[in-house]
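S.K.: If you scroll down you'll find the structure; I have some questions about it.
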Amino acid sequence: MRSSSIHILAGVIAVFMASVSATTLERLSMGDMTDQSTMIVRGTVTSSAGELRNGVISTHYQFAVSETWKGSSGTKVDIYVPGGTAQGFLQSVPGAPVLSPGVEYVIFLWTGPSGRPQIIGLSQGLFSVVSDKSGLVYLNRGSVAEMMIDAKTGRPVTDENVHVPASTLKSFVKKRQAVSVTQ
Amino acid sequence: MLAAAAALLSGAASGYYHFVHYPGPTAPFPPIFEKFDVTALSNNALPFYIVETGPTTIASTDSFPAIVSQIKLAASAWNTVPTSTIRLTFGGLISAGNTVALGPSQVSPGVDVAFDSDIPPGIRAQTSITKWDYSGVTGASFIPILRSRISLRPDLTQYPDPSYPNGTVATVTYDEAFFETLVHEFGHSLGLQHSLTSGAMAQATTRGTTKSHPLTPDDVAGVSLLYPTADFATTTGSITGQVTATDNSGINMASVVVISPNGGAISNLTNPDGTYRIDGIPPGIYYIYVHPLPPAGATDAYPDQILPPWASLTSRNGQIATRDVFGTIFQPTTYTISAGMTTANVNFSVQRKTTVPIYNVTTYSYIGPNALKAAPVSTGTTSQLVAAGQSGIVSSNGSPANGLSVSVMGGGAVQVNPYPNSGGYVILDFSPPYGPGPRHLIFTGNGDQYVLPYAFNLENLPPPNITTVTAATDSNGNPAALVQGTGLLSDTRILFDGVVTPTLANNADGSMLVSLPSAPANYQSRVVALNSDGQSSLFVQGTNVTQFNYSSGAGGSFSMNMTSLPAGQQAMIQIDAPGANFVAGQVSVGFGSSDIVPQQVYVVSPTRLLVNIGIQSQAPSIAATVTVNSGLQLLSISNAFQILPQTSNALVVSSALVNVTTGLSGVSAGSLAYVTVANLGNAGATATVLVNGQQTATQTAGNGVLSFQVPVGMTPGPAVLSVQLANGTLSYPVAFNVDLPPPVIDNVLAGTSGQLDSSHSATPGQLMTLIVEGIQNGTTLPINVSVGGLDHAPVAVLPSANGTTQVQVILSTSVITGPQIPVTVSVGTRVSSVFDIPIGSN
């Protein structure tokens, strides 16, 4: 396990890998996630319920927003994670994350044609917020399994855990957006 | 330690790399699996459908028919398992609106493959499995999956990769990765979860499969446990035991693995009390070890994304998750696994720990610039692998982790060296002293061990390579292709995109003449060679695959003589496709709904098909897409077939005829046959069977069954049958096949004595030769010889004089003896008349 520093973050940004999943994922860098997310929010889950829509079940989380890093969210966001139970049916999606009420998260969200915000890359865009003994706030993202060597060039690509100060990642997101706007 | 096991193997018998429920939260923990109900399927065929709109963006070297063929190829991997009954069959294209798992579109089970625009970035494929969330149901033996859905992203071309200067690289669907991803997802759709033994159901990190070897014994055991054949339990063995901590508490979801040093690995996870059971082990000698699941990340739902078992038949009592971590234990003794037997009480006492030092290790070898999983390595030479691990392989400065050592299971030292110019990886240098086959690595470090099954594959030969593919013709003037290259062997399979094409000849110069799959004019196909050692031409060519251009090809439209049918009915539909080139055995017709089941497809001519379909009686009234697929020719019409409301008391004719004489399904001209007609009531006495519109001699056999004579002199091939009542009511037609005449036994010779007569008898154990008329040279139909009611498989089938065939069998020592023992020979469902021979005792 490796831990954080701004230098590590640079490495993370360069070679950030996908987390494991029964779903087949592809790795997204922090830059990818920032660019492709439609909203990045910090907050806590207040409630969850399965929801059946067009025959597909999603778990609908209501998320109280304390900070918005990208996009416009208001004070609440509805977040949809594939799978769950509703109206007598159970739909399993291995790899779909489970958000815990009361736990603080930073979430990279993407809204597709359905208009329903989802977490980018299943759980790649999901970070839990923790504080160390000194009160410094960090973001944790799980260990990563989709280790790859590029099949075309043979270039090795390493994996890093994500454990970074929240302020560092927030700053990165803001700068990335600024660059994007400038370009 | 060995105990009779056949009885134990009946019923739900295993732990889980399946989706598992238990009756309750406390021991005992008999697992209850989620799986498809095969009794709800026709001939165990589980249809899968591909959404007709296809992906939005594909590589310039791809096409939708090619992608469909690759998806079909991936699904077919699961159909090769001899101990599994379930068969994934292509049900055609489907409208997006009919893929709804829970709703009014269809009531029969199936699998949908969709290109979902609402799939978030970072996801290549995702499978969801839908079932009833049973409430209060007890005693269920399994939980039926209603429908599975494999979601692919609509843009198949881009593979975000920050290691590339432009951030992306185009991907294609004829490579190894797309295929293996689809095999993996189809495995999920059938009810399999991840396992940790490098098979198709392992995550890509550790997966050691290839396009040529898509499944490992672990996958075979996993699917066979869900859908076992009758002989699965008696042809494989089992091992059971318990994994406990030093305080005797059970370890939940520990992965127990049996592994052969030069063969396969099969694993299972423990129950919450630490008990485990691994079934489906091919007989042999195995080591066994137990290891913890890789740790779940802070925001991962579960370790290795394996859904823990539910503590009830519903989701409401939650799941029995684990975060148990302990040190790996590799038992030094071997266990002999015997067919039909259980090796019991193979227990482990493990030490709980707080971390897993080494996990998720991946290995690669290289051919040119191509980094290859399932790392092929030449036998007898010094070899090199690149290895990376999520943990425990490299130290913080990028060099190999302190104290890390690696060995080949079964013996063999491995040198661990730094990876030049880059941290995070190590080089493994070794000289494999073994013959060909998969090999496993043991990593030791930080006081623990990690086993990577299928870490590399020893190969005697280099992979095949294709240099050119040119148009040719076979000896009958049919389209063919000449494939030239290196390493093309007698067992090489040639793929045109995802279509495996028959080999016509292996030429002396190493080239191959293969049949050319049907395709539209100007179609561009990628041609790949797969060798039986697991290697393919993709190993050499990467994504720069040899192309074949069709200068001419098949036409592009079809019509049907019937476009609707009531629910509950069966009928034949005639499909005409001007310009098509249908070949028997290579055509499938799909109706875009699992409530519409194609039963038989008859190729009447290169441009005409007859298709029998049956519609589920509870089917909702929907319009469905019809697809005709022949080779790489993919024709479809949206909303072309309408299911109508069920009509009460309508005649429903079954296309499954029964030969009155043989009791089998095959009928030929002049045969007496039974046909079953639903809702016939008392009208059977006056009903008439029409064959190709001609009345036949018909009699009622009661219970809705009519007997009739297939008209004498009918030409073998498809024919149309309908039933007419005296009041003029006419059933929907169904098609059936008029077989060739049954074979005829001209003579039977035995041993060296030759002719059999009253003074010369055959004796058990002797070679017996039947001289038979009516066996087509090169037939692929099964041939069987029955002697006194005892089946004998031929030891040889040889062409003989005057168009006859010699069928040779060894007379069983169990055969009955006597002066007139009846002998018959069958070819498929065609059975000869009896030929009596004398059989004496030795």
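In the structure tokens, each chain is lettered A, B, ... as it comes, each chain's residues begin at 1, and ligands are numbered from 1 in order of appearance.
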Can you list, as a list of chain:residue names, every protein, DNA or RNA residue that comes within 6 Å of Asn252 of chain B when you count only C-alpha atoms, leaving out same-chain residues fewer than 2 positions away?
M.R.: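 My list of contacting residues is B:Ala254, B:Thr270, B:Asn271, B:Pro272, B:Gly274.
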S.K.: Name all residues at most 9 Å from Asn402 of chain B (count only C-alpha atoms; drop same-chain ones fewer than 3 positions away) and give them as number ranges by chain.
M.R.: B: 392-395, 399, 405, 445-446
S.K.: Let me see the file: selected residues, C-alpha atoms, as a JSON list (two decimals), in the first residue's frame.
M.R.:
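And here's selection-v4.json as it stands now:
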```json
[["chain", "number", "residue", "atom", "x", "y", "z"],
["B", 392, "GLY", "CA", 3.90, -7.22, -2.58],
["B", 393, "ILE", "CA", 5.79, -7.37, -5.86],
["B", 394, "VAL", "CA", 7.69, -4.10, -5.83],
["B", 395, "SER", "CA", 9.00, -1.95, -3.02],
["B", 399, "SER", "CA", 12.59, -2.30, -7.28],
["B", 405, "SER", "CA", 11.07, -15.07, -4.08],
["B", 445, "GLY", "CA", 7.32, -12.64, 0.66],
["B", 446, "ASN", "CA", 6.43, -10.82, 3.83]]
```
S.K.: Considering only C-alpha atoms, return as a list in words whatever protein or nucleic-acid residues lie within 6 Å of segment 30-45 of chain B, sequence-local ones (same chain, fewer than 5 positions apart) excluded.
M.R.: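 The contact residues come out as Phe19, Val20, His21, Tyr22, Ile86, Arg87, Leu88, Thr89, Phe142, Ile143, Pro144, Ile145 and Gly191 of chain B.
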S.K.: Identify, with DSSP run on backbone atoms, the residues in segment 51-236 of chain B assigned to alpha helix (DSSP H), and express the list as a ChimeraX atom specification.
M.R.: /B:64-77,176-190,217-226,232-235
S.K.: Mind checking which residues fall within 12 Å of Thr362 of chain B, counting only C-alpha atoms, ignoring those fewer than 4 positions away in the same chain, and posting them as JSON, numbers by chain?
M.R.: {"A": [145, 146, 147, 148, 149, 156, 157, 158], "B": [198, 202, 203, 204, 205, 206, 207, 208, 358, 371, 372, 373, 374, 375, 385, 386, 387, 388, 389, 390, 391, 393, 424, 425, 426, 427, 428, 440, 441, 443, 450, 451, 452, 453, 454, 455, 456]}
S.K.: I'd like to know which of B:Leu313, B:Val815, B:Val258, B:Ile278 is closest to chain A, using only C-alpha atoms.
M.R.: B:Leu313
S.K.: Just give me the gap between atom CA of Val106 of chain A and atom CA of Pro295 of chain B in Å, one decimal is fine.
M.R.: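 Taking atom CA of Val106 of chain A and atom CA of Pro295 of chain B, their separation equals 21.4 Å.
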S.K.: Just list the residues in segment 43-276 of chain B DSSP gives strand (DSSP E) on the backbone, as a ChimeraX atom specification.
M.R.: /B:45-51,87-94,110-115,123-132,142-152,237-245,255-259,265-269,275-276
S.K.: Considering only C-alpha atoms, state which residue in the set A:Thr111, A:Ser100, A:Thr85, A:Gln36 is at the smallest distance from Gln62 of chain A.
M.R.: A:Ser100
S.K.: With distances taken over only C-alpha atoms, which of B:Ser588, B:Gln484, B:Thr700, B:Thr57 is nearest to Thr686 of chain B?
M.R.: B:Thr700
S.K.: Please provide as a list in words all residues within 7 Å of Glu51 of chain A, with the sequence filter that same-chain residues fewer than 4 positions apart are discarded (counting only C-alpha atoms).
M.R.: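 Neighbouring residues, sequence-local ones excluded: Ile57, Ser58, Thr59, His60 and Ala86 of chain A.
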S.K.: Just give me the gap between atom CA of Leu190 of chain B and atom CA of Val626 of chain B in Å, one decimal is fine.
M.R.: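 Computing the Euclidean distance for atom CA of Leu190 of chain B and atom CA of Val626 of chain B yields 24.6 Å.
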S.K.: Using only C-alpha atoms, which of the listed residues (A:Pro101, A:Gly125, A:Gly112, A:Pro165) sits closest to chain B?
M.R.: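 Counting only C-alpha atoms, the residue closest to chain B is A:Gly112.
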S.K.: To one decimal place, how far is atom CA of Met253 of chain B from atom CA of Arg323 of chain B in Å?
M.R.: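 Here the two named atoms are 8.7 Å from each other.
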S.K.: Nearest to chain B among A:Ala49, A:Leu169, A:Val164, A:Leu122, with distances taken over only C-alpha atoms: which residue is it?
M.R.: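 Of A:Ala49, A:Leu169, A:Val164, A:Leu122, the one nearest chain B is A:Leu122, counting only C-alpha atoms.
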